[in-house]
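Student: What follows is run.pdb; its format and atoms are PDB, C-alpha atoms and all ligand atoms.
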ATOM      1  CA  MET S1410     -32.835 -35.779 -27.338
ATOM      2  CA  GLY S1411     -33.180 -36.345 -23.641
ATOM      3  CA  VAL S1412     -29.452 -36.949 -23.365
ATOM      4  CA  VAL S1413     -28.801 -33.341 -24.218
ATOM      5  CA  ARG S1414     -28.582 -31.531 -20.954
ATOM      6  CA  LEU S1415     -28.174 -27.837 -21.386
ATOM      7  CA  THR S1416     -28.652 -26.667 -17.886
ATOM      8  CA  GLY S1417     -27.463 -26.988 -14.369
ATOM      9  CA  GLN S1418     -29.492 -27.127 -11.211
ATOM     10  CA  SER S1419     -31.339 -24.107 -10.006
ATOM     11  CA  GLY S1420     -30.888 -22.554  -6.629
ATOM     12  CA  LEU S1421     -28.363 -20.540  -4.746
ATOM     13  CA  ILE S1422     -24.742 -21.425  -4.625
ATOM     14  CA  ALA S1423     -22.176 -19.753  -2.538
ATOM     15  CA  ARG S1424     -18.804 -20.993  -3.531
ATOM     16  CA  ALA S1425     -17.012 -18.218  -1.795
ATOM     17  CA  ALA S1426     -18.551 -19.540   1.375
ATOM     18  CA  GLY S1427     -17.552 -23.099   0.508
ATOM     19  CA  ILE S1428     -21.022 -24.421  -0.179
ATOM     20  CA  SER S1429     -21.082 -27.272  -2.669
ATOM     21  CA  ARG S1430     -24.068 -28.057  -4.817
ATOM     22  CA  SER S1431     -23.370 -31.172  -6.766
ATOM     23  CA  SER S1432     -22.388 -34.693  -5.876
ATOM     24  CA  SER S1433     -21.387 -35.310  -9.467
ATOM     25  CA  GLY S1434     -19.912 -31.992  -8.785
ATOM     26  CA  SER S1435     -17.409 -31.402 -11.470
ATOM     27  CA  LEU S1436     -17.805 -27.649 -11.156
ATOM     28  CA  LEU S1437     -16.640 -27.973  -7.616
ATOM     29  CA  ALA S1438     -14.177 -30.761  -8.205
ATOM     30  CA  THR S1439     -11.444 -28.387  -7.234
ATOM     31  CA  GLN S1440     -13.317 -27.063  -4.234
ATOM     32  CA  SER S1441     -11.037 -28.910  -1.871
ATOM     33  CA  ARG S1442      -8.273 -26.807  -3.219
ATOM     34  CA  ALA S1443     -10.299 -23.662  -2.942
ATOM     35  CA  THR S1444      -9.415 -22.885   0.613
ATOM     36  CA  ARG S1445      -5.749 -23.357   0.021
ATOM     37  CA  MET S1446      -5.194 -20.085  -1.646
ATOM     38  CA  THR S1447      -7.144 -16.955  -2.235
ATOM     39  CA  ALA S1448      -5.120 -13.990  -3.283
ATOM     40  CA  PRO S1449      -6.863 -11.335  -1.197
ATOM     41  CA  SER S1450      -6.429 -13.293   2.021
ATOM     42  CA  VAL S1451      -2.672 -13.603   1.790
ATOM     43  CA  PRO S1452      -1.220 -11.961   4.851
ATOM     44  CA  HIS S1453       0.855  -8.977   3.972
ATOM     45  CA  THR S1454       2.083  -7.647   7.244
ATOM     46  CA  LYS S1455       5.733  -7.795   6.283
ATOM     47  CA  PRO S1456       8.017  -8.993   3.510
ATOM     48  CA  PHE S1457       9.185 -12.581   3.459
ATOM     49  CA  SER S1458      12.825 -13.111   4.328
ATOM     50  CA  ILE S1459      13.842 -15.816   1.932
ATOM     51  CA  SER S1460      16.677 -13.918   0.349
ATOM     52  CA  THR S1461      19.246 -11.393   1.350
ATOM     53  CA  PRO S1462      18.039  -7.847   0.933
ATOM     54  CA  VAL S1463      19.434  -6.257  -2.172
ATOM     55  CA  SER S1464      21.807  -3.380  -1.675
ATOM     56  CA  CYS S1465      22.747  -2.382  -5.180
ATOM     57  CA  ALA S1466      23.743   1.187  -5.838
ATOM     58  CA  SER S1467      20.423   2.156  -7.255
ATOM     59  CA  HIS S1468      18.753   1.258  -3.991
ATOM     60  CA  LYS S1469      21.127   3.016  -1.654
ATOM     61  CA  ASN S1470      18.943   5.976  -1.074
ATOM     62  CA  THR S1471      15.762   3.957  -0.842
ATOM     63  CA  SER S1472      16.824   0.926   1.170
ATOM     64  CA  ALA S1473      14.783   2.016   4.133
ATOM     65  CA  ALA S1474      11.781   2.051   1.868
ATOM     66  CA  SER S1475      12.429  -1.288   0.185
ATOM     67  CA  PRO S1476       9.057  -3.016   0.071
ATOM     68  CA  SER S1477      10.394  -6.532  -0.069
ATOM     69  CA  SER S1478      13.602  -8.436   0.375
ATOM     70  CA  LEU S1479      12.575 -10.442  -2.708
ATOM     71  CA  ASP S1480      13.090  -7.422  -4.909
ATOM     72  CA  ILE S1481      16.116  -8.108  -7.067
ATOM     73  CA  ASN S1482      15.178  -5.773  -9.880
ATOM     74  CA  PRO S1483      18.278  -3.639 -10.460
ATOM     75  CA  GLN S1484      16.366  -0.941 -12.256
ATOM     76  CA  PRO S1485      15.613   2.337 -10.520
ATOM     77  CA  LYS S1486      12.552   2.207  -8.380
ATOM     78  CA  SER S1487       9.436   3.884  -9.589
ATOM     79  CA  GLN S1488       7.964   6.785  -7.697
ATOM     80  CA  THR S1489       5.339   4.532  -6.230
ATOM     81  CA  ASP S1490       7.906   2.209  -4.645
ATOM     82  CA  ILE S1491       9.507   4.975  -2.655
ATOM     83  CA  ALA S1492       8.536   5.566   0.935
ATOM     84  CA  GLY S1493       6.108   8.384   1.110
ATOM     85  CA  ALA S1494       4.477   7.462  -2.196
ATOM     86  CA  ASP S1495       0.748   7.622  -2.337
ATOM     87  CA  PRO S1496      -0.400   4.825   0.019
ATOM     88  CA  THR S1497      -3.698   4.637  -1.824
ATOM     89  CA  ASP S1498      -2.042   3.750  -5.138
ATOM     90  CA  ARG S1499      -3.365   0.263  -5.763
ATOM     91  CA  TYR S1500      -0.969  -0.366  -8.626
ATOM     92  CA  ALA S1501       2.049   0.076  -6.357
ATOM     93  CA  ALA S1502       0.345  -1.974  -3.675
ATOM     94  CA  GLY S1503      -0.394  -4.699  -6.203
ATOM     95  CA  LEU S1504       3.222  -4.974  -7.287
ATOM     96  CA  ARG S1505       4.340  -5.296  -3.691
ATOM     97  CA  LEU S1506       1.588  -7.736  -2.755
ATOM     98  CA  ASN S1507       2.319  -9.865  -5.793
ATOM     99  CA  LYS S1508       5.794 -10.636  -4.511
ATOM    100  CA  GLU S1509       4.409 -11.610  -1.148
ATOM    101  CA  TRP S1510       1.600 -13.659  -2.667
ATOM    102  CA  ALA S1511       3.956 -15.507  -5.013
ATOM    103  CA  ALA S1512       6.356 -16.322  -2.186
ATOM    104  CA  GLN S1513       3.577 -17.374   0.175
ATOM    105  CA  THR S1514       1.900 -19.524  -2.466
ATOM    106  CA  ALA S1515       5.165 -21.196  -3.436
ATOM    107  CA  ARG S1516       5.789 -22.076   0.193
ATOM    108  CA  ASP S1517       2.261 -23.298   0.891
ATOM    109  CA  HIS S1518       1.824 -25.168  -2.406
ATOM    110  CA  PRO S1519       5.237 -26.027  -3.793
ATOM    111  CA  SER S1520       3.861 -27.958  -6.767
ATOM    112  CA  LEU S1521       1.436 -25.293  -7.992
ATOM    113  CA  PHE S1522       3.687 -23.008 -10.008
ATOM    114  CA  PRO S1523       5.816 -25.818 -11.515
ATOM    115  CA  THR S1524       2.584 -27.528 -12.573
ATOM    116  CA  LEU S1525       1.162 -24.351 -14.092
ATOM    117  CA  ALA S1526       4.411 -23.708 -15.904
ATOM    118  CA  SER S1527       3.948 -26.951 -17.808
ATOM    119  CA  GLY S1528       0.454 -26.156 -19.077
ATOM    120  CA  GLN S1529      -3.174 -25.597 -18.164
ATOM    121  CA  THR S1530      -6.136 -27.932 -17.729
ATOM    122  CA  PRO S1531      -8.980 -25.694 -16.568
ATOM    123  CA  GLN S1532     -12.376 -27.311 -16.044
ATOM    124  CA  ILE S1533     -14.316 -24.091 -16.412
ATOM    125  CA  LEU S1534     -14.766 -21.544 -19.178
ATOM    126  CA  TRP S1535     -16.013 -18.345 -17.579
ATOM    127  CA  ILE S1536     -17.694 -15.620 -19.615
ATOM    128  CA  GLY S1537     -18.294 -12.582 -17.443
ATOM    129  CA  CYS S1538     -18.251  -8.812 -17.171
ATOM    130  CA  SER S1539     -15.066  -6.751 -17.097
ATOM    131  CA  ASP S1540     -16.316  -5.033 -13.959
ATOM    132  CA  SER S1541     -13.575  -4.751 -11.326
ATOM    133  CA  ARG S1542     -15.941  -6.139  -8.712
ATOM    134  CA  CYS S1543     -16.287  -9.437 -10.534
ATOM    135  CA  PRO S1544     -12.959 -11.311 -10.297
ATOM    136  CA  GLU S1545     -14.229 -14.833 -10.908
ATOM    137  CA  THR S1546     -11.269 -16.859  -9.648
ATOM    138  CA  THR S1547     -11.283 -14.880  -6.418
ATOM    139  CA  PHE S1548     -14.950 -15.156  -5.611
ATOM    140  CA  LEU S1549     -15.095 -18.777  -6.682
ATOM    141  CA  GLY S1550     -12.286 -19.443  -4.215
ATOM    142  CA  LEU S1551     -10.325 -21.253  -6.914
ATOM    143  CA  GLU S1552      -6.743 -21.042  -8.078
ATOM    144  CA  PRO S1553      -4.730 -19.959 -11.084
ATOM    145  CA  GLY S1554      -5.210 -22.641 -13.701
ATOM    146  CA  ASP S1555      -8.789 -23.447 -12.724
ATOM    147  CA  VAL S1556     -10.738 -20.979 -14.858
ATOM    148  CA  PHE S1557     -10.315 -20.014 -18.505
ATOM    149  CA  VAL S1558     -11.764 -16.538 -18.839
ATOM    150  CA  HIS S1559     -13.380 -14.190 -21.307
ATOM    151  CA  ARG S1560     -14.645 -10.913 -19.903
ATOM    152  CA  ASN S1561     -16.035  -7.856 -21.635
ATOM    153  CA  ILE S1562     -18.329  -4.954 -20.844
ATOM    154  CA  ALA S1563     -21.648  -6.342 -19.623
ATOM    155  CA  ASN S1564     -20.709  -9.904 -20.650
ATOM    156  CA  VAL S1565     -22.268  -9.386 -24.054
ATOM    157  CA  LEU S1566     -21.896 -12.149 -26.625
ATOM    158  CA  HIS S1567     -22.219 -11.116 -30.260
ATOM    159  CA  PRO S1568     -22.588 -14.153 -32.559
ATOM    160  CA  GLY S1569     -19.882 -12.910 -34.920
ATOM    161  CA  ASP S1570     -17.465 -11.573 -32.315
ATOM    162  CA  LEU S1571     -14.050 -13.000 -33.129
ATOM    163  CA  SER S1572     -12.632 -12.616 -29.629
ATOM    164  CA  SER S1573     -15.305 -14.455 -27.670
ATOM    165  CA  SER S1574     -15.764 -17.007 -30.449
ATOM    166  CA  ALA S1575     -12.069 -17.854 -30.398
ATOM    167  CA  VAL S1576     -12.068 -18.182 -26.615
ATOM    168  CA  ILE S1577     -15.102 -20.472 -26.660
ATOM    169  CA  GLU S1578     -13.712 -22.651 -29.413
ATOM    170  CA  TYR S1579     -10.298 -22.971 -27.799
ATOM    171  CA  ALA S1580     -11.783 -23.758 -24.402
ATOM    172  CA  VAL S1581     -14.289 -26.315 -25.654
ATOM    173  CA  GLN S1582     -12.396 -27.979 -28.451
ATOM    174  CA  HIS S1583      -8.787 -27.843 -27.259
ATOM    175  CA  LEU S1584      -8.845 -27.402 -23.485
ATOM    176  CA  ARG S1585     -11.966 -29.570 -23.306
ATOM    177  CA  VAL S1586     -13.478 -27.750 -20.354
ATOM    178  CA  ASN S1587     -16.349 -29.479 -18.563
ATOM    179  CA  HIS S1588     -18.344 -26.344 -17.821
ATOM    180  CA  VAL S1589     -19.192 -23.161 -19.664
ATOM    181  CA  VAL S1590     -20.468 -20.376 -17.444
ATOM    182  CA  VAL S1591     -22.081 -17.122 -18.536
ATOM    183  CA  CYS S1592     -22.237 -14.800 -15.539
ATOM    184  CA  GLY S1593     -23.908 -11.426 -15.217
ATOM    185  CA  HIS S1594     -23.973  -9.317 -12.101
ATOM    186  CA  THR S1595     -26.009  -6.827 -10.135
ATOM    187  CA  ALA S1596     -25.366  -3.091 -10.523
ATOM    188  CA  CYS S1597     -23.801  -3.612 -13.962
ATOM    189  CA  GLY S1598     -22.878  -0.313 -15.603
ATOM    190  CA  GLY S1599     -23.339  -1.688 -19.103
ATOM    191  CA  VAL S1600     -26.820  -2.912 -18.279
ATOM    192  CA  ALA S1601     -27.685   0.447 -16.717
ATOM    193  CA  ALA S1602     -26.427   2.202 -19.843
ATOM    194  CA  ALA S1603     -28.638   0.041 -22.045
ATOM    195  CA  LEU S1604     -31.607   0.965 -19.881
ATOM    196  CA  GLY S1605     -30.846   4.651 -20.442
ATOM    197  CA  ASN S1606     -30.911   6.756 -23.580
ATOM    198  CA  LYS S1607     -27.598   8.574 -23.621
ATOM    199  CA  ASN S1608     -25.310   8.484 -26.631
ATOM    200  CA  LEU S1609     -22.248   6.523 -25.503
ATOM    201  CA  GLY S1610     -20.158   6.431 -28.657
ATOM    202  CA  ILE S1611     -18.422   3.136 -29.312
ATOM    203  CA  LEU S1612     -20.271   1.553 -26.414
ATOM    204  CA  ASP S1613     -23.559   1.870 -28.267
ATOM    205  CA  PRO S1614     -22.878  -0.796 -30.909
ATOM    206  CA  TRP S1615     -21.320  -2.970 -28.229
ATOM    207  CA  LEU S1616     -24.407  -2.742 -26.044
ATOM    208  CA  PHE S1617     -26.770  -3.159 -28.991
ATOM    209  CA  PRO S1618     -27.832  -6.699 -27.994
ATOM    210  CA  LEU S1619     -28.833  -5.354 -24.589
ATOM    211  CA  ARG S1620     -30.991  -2.694 -26.210
ATOM    212  CA  GLN S1621     -32.616  -5.406 -28.310
ATOM    213  CA  LEU S1622     -33.420  -7.300 -25.127
ATOM    214  CA  ARG S1623     -34.796  -4.089 -23.659
ATOM    215  CA  GLU S1624     -37.006  -3.649 -26.709
ATOM    216  CA  ARG S1625     -38.289  -7.205 -26.597
ATOM    217  CA  ASN S1626     -39.038  -7.023 -22.881
ATOM    218  CA  LEU S1627     -40.009  -3.369 -22.595
ATOM    219  CA  LYS S1628     -43.327  -3.874 -20.881
ATOM    220  CA  LEU S1629     -41.867  -6.123 -18.219
ATOM    221  CA  LEU S1630     -38.858  -3.887 -17.579
ATOM    222  CA  GLN S1631     -40.952  -0.719 -17.378
ATOM    223  CA  SER S1632     -43.188  -2.334 -14.785
ATOM    224  CA  MET S1633     -40.245  -2.708 -12.404
ATOM    225  CA  PRO S1634     -38.308  -0.331 -10.166
ATOM    226  CA  THR S1635     -34.994   0.720 -11.735
ATOM    227  CA  SER S1636     -32.722  -1.615  -9.782
ATOM    228  CA  GLU S1637     -35.061  -4.549 -10.308
ATOM    229  CA  ALA S1638     -35.235  -3.824 -14.027
ATOM    230  CA  ALA S1639     -31.434  -3.774 -14.163
ATOM    231  CA  SER S1640     -31.245  -7.145 -12.461
ATOM    232  CA  LYS S1641     -33.864  -8.569 -14.821
ATOM    233  CA  LEU S1642     -32.033  -7.268 -17.897
ATOM    234  CA  ALA S1643     -28.773  -8.726 -16.548
ATOM    235  CA  GLU S1644     -30.556 -12.070 -16.222
ATOM    236  CA  LEU S1645     -32.045 -11.844 -19.718
ATOM    237  CA  ASN S1646     -28.588 -11.030 -21.045
ATOM    238  CA  VAL S1647     -27.143 -14.147 -19.418
ATOM    239  CA  ARG S1648     -29.866 -16.283 -20.969
ATOM    240  CA  GLU S1649     -29.253 -14.694 -24.359
ATOM    241  CA  GLY S1650     -25.521 -15.256 -23.999
ATOM    242  CA  LEU S1651     -26.095 -18.903 -23.215
ATOM    243  CA  ASN S1652     -28.294 -19.227 -26.282
ATOM    244  CA  ILE S1653     -25.492 -17.863 -28.433
ATOM    245  CA  VAL S1654     -23.012 -20.300 -26.882
ATOM    246  CA  LYS S1655     -25.447 -23.152 -27.516
ATOM    247  CA  GLN S1656     -25.782 -22.154 -31.144
ATOM    248  CA  LYS S1657     -22.171 -23.079 -31.790
ATOM    249  CA  SER S1658     -21.832 -26.502 -33.324
ATOM    250  CA  ILE S1659     -18.678 -27.339 -31.384
ATOM    251  CA  VAL S1660     -20.600 -26.710 -28.166
ATOM    252  CA  LEU S1661     -23.563 -28.827 -29.240
ATOM    253  CA  ASN S1662     -21.199 -31.632 -30.197
ATOM    254  CA  ALA S1663     -19.358 -31.412 -26.864
ATOM    255  CA  ILE S1664     -22.650 -31.551 -24.985
ATOM    256  CA  GLN S1665     -23.660 -34.708 -26.799
ATOM    257  CA  GLU S1666     -20.294 -36.417 -26.976
ATOM    258  CA  ARG S1667     -18.811 -35.746 -23.552
ATOM    259  CA  GLY S1668     -21.454 -34.102 -21.387
ATOM    260  CA  LEU S1669     -20.288 -30.501 -21.483
ATOM    261  CA  GLN S1670     -22.458 -28.505 -19.076
ATOM    262  CA  LEU S1671     -23.629 -24.927 -19.472
ATOM    263  CA  HIS S1672     -24.566 -22.641 -16.604
ATOM    264  CA  GLY S1673     -26.091 -19.203 -16.190
ATOM    265  CA  LEU S1674     -25.144 -17.268 -13.063
ATOM    266  CA  ILE S1675     -25.775 -13.888 -11.504
ATOM    267  CA  TYR S1676     -23.174 -12.495  -9.125
ATOM    268  CA  ASP S1677     -24.380 -10.120  -6.418
ATOM    269  CA  VAL S1678     -21.652  -7.509  -5.987
ATOM    270  CA  GLY S1679     -23.283  -6.427  -2.737
ATOM    271  CA  SER S1680     -22.992  -9.799  -1.042
ATOM    272  CA  GLY S1681     -20.418 -11.773  -3.010
ATOM    273  CA  VAL S1682     -22.923 -14.567  -3.584
ATOM    274  CA  LEU S1683     -23.616 -16.336  -6.872
ATOM    275  CA  SER S1684     -27.122 -17.376  -7.911
ATOM    276  CA  GLU S1685     -27.611 -20.071 -10.492
ATOM    277  CA  LEU S1686     -30.354 -19.507 -13.044
ATOM    278  CA  ASP S1687     -32.609 -22.300 -14.185
ATOM    279  CA  THR S1688     -31.765 -22.367 -17.871
ATOM    280  CA  GLU S1689     -33.227 -25.714 -18.811
ATOM    281  CA  ASP S1690     -34.620 -25.844 -22.325
ATOM    282  CA  SER S1691     -37.588 -27.849 -23.513
ATOM    283  CA  GLU S1692     -36.928 -30.799 -25.770
ATOM    284  CA  GLU S1693     -38.628 -28.902 -28.592
ATOM    285  CA  VAL S1694     -36.190 -26.005 -28.219
ATOM    286  CA  ILE S1695     -33.233 -28.379 -28.051
ATOM    287  CA  ARG S1696     -34.406 -30.249 -31.117
ATOM    288  CA  ALA S1697     -34.842 -27.058 -33.111
ATOM    289  CA  ARG S1698     -31.415 -25.799 -32.062
ATOM    290  CA  LEU S1699     -29.695 -29.026 -33.009
ATOM    291  CA  THR S1700     -31.483 -29.078 -36.352
ATOM    292  CA  ALA S1701     -30.573 -25.489 -37.148
ATOM    293  CA  PHE S1702     -27.045 -25.182 -35.799
ATOM    294  CA  GLN S1703     -25.309 -28.550 -35.537
ATOM    295  CA  THR S1704     -22.826 -29.162 -38.330
ATOM    296  CA  GLU S1705     -20.305 -31.905 -39.012
TER     297      GLU S1705
HETATM  298 ZN    ZN S1801     -20.995  -5.333 -15.619
END
Here is the file; what I need is its structure written in the form of structure tokens.

Tutor:
Amino acid sequence: MGVVRLTGQSGLIARAAGISRSSSGSLLATQSRATRMTAPSVPHTKPFSISTPVSCASHKNTSAASPSSLDINPQPKSQTDIAGADPTDRYAAGLRLNKEWAAQTARDHPSLFPTLASGQTPQILWIGCSDSRCPETTFLGLEPGDVFVHRNIANVLHPGDLSSSAVIEYAVQHLRVNHVVVCGHTACGGVAAALGNKNLGILDPWLFPLRQLRERNLKLLQSMPTSEAASKLAELNVREGLNIVKQKSIVLNAIQERGLQLHGLIYDVGSGVLSELDTEDSEEVIRARLTAFQTE
């Protein structure tokens, strides 16, 4: 049973800062590529001039406002593309920045997009929260193609959930990822909701597993200040999520047959730093899990 390793190392990791943790290091095997491209850092001071500016009729009255010489879309511009549009509209900004990012990335890494167009070979399955502050590929400093992702509110895993189950099975069995990560985060709205007692409609059944964790750990959580209790429940939720992943036979088989590694992380939205939880199981727990859940 000792060959079954269900945990990573404990301690802080700070991938966004380029700190590596492992010499065997498959999680960071792509770290050398990490600094090559991070979407938010792409300069966007002006459009790239790799094509002649378009001057079709539909743009005549807006040419002065054209956001990019790469824009060859003949359709009328949306309100947000016109000069004077709301400069705080992040959707419009995103469309403009995407063109710049794509052009910059293609110039800096000519093989990236052609490679991605032919398929994907991600090493990591990431299960995280939908929260807008938790964009895993960005804060890992990795690239498109590196991380296969499932995100939902409060990174809750229900054993019978078809969506997450399909993602896990596809990632483990077909993409053959080397790492499965369950990541919670500080200041999680879903966790805060589960620590409160408001009726939240459809969110209530979704957050049910969090309320069960609250029930099982009520004394501990009530002994803590609110923010600390939220962090603790986020951690407990990660551990519970990992347990559910480990209860899947395909995962247990991949651990035994090819050394699939599982990791529990907490992302601090206030600092951008990831902390790795010590999620090592005792041999007794591993033995019981294999006996109960492994199928052929
Ligand atoms: Zn969250």

Student: Would you mind telling me which residue in S:Asn1561, S:Ser1574, S:Ser1684, S:Gln1665 lies nearest to ligand ZN 1801 (chain S) when using all atoms listed in the file?

Tutor: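 The answer is S:Asn1561, which sits nearest to ligand ZN 1801 (chain S).
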
Student: Could you list the protein, DNA and RNA residues that have any atom within 9 Å of ligand ZN 1801 (chain S), counting only C-alpha atoms and all ligand atoms, and write them as a PyMOL selection string?

Tutor: chain S and resi 1537-1543+1561-1564+1593-1601+1643

Student: List the residues selected by the PyMOL selection byres (((chain S and resi 1669) around 9) and not hetatm) in the file shown, writing them as an MDAnalysis selection string.

Tutor: chainID S and resid 1414:1415 1581 1585:1589 1660:1668 1670:1671

Student: Using Å and a single decimal, report how far atom CA of Leu1616 of chain S sits from atom CA of Leu1699 of chain S.

Tutor: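 Spanning atom CA of Leu1699 of chain S to atom CA of Leu1616 of chain S is a straight-line distance of 27.7 Å.
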
Student: Between atom CA of Gly1569 of chain S and atom CA of Phe1702 of chain S, what distance in Å does the model show, to one decimal?

Tutor: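 Between atom CA of Gly1569 of chain S and atom CA of Phe1702 of chain S the gap is 14.2 Å.
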
Student: Where does the PyMOL selection byres (((chain S and resi 1583) around 12) and not hetatm) land in this file, that is, which residues does it pick, as an MDAnalysis selection string?

Tutor: chainID S and resid 1529:1532 1534 1557 1575:1582 1584:1587 1659:1660 1663

Student: Counting only C-alpha atoms, which of S:Val1558, S:Asn1652, S:Cys1592, S:Ala1603 gets nearest to Asp1677 of chain S?

Tutor: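 Among the listed residues, S:Cys1592 lies closest to Asp1677 of chain S.
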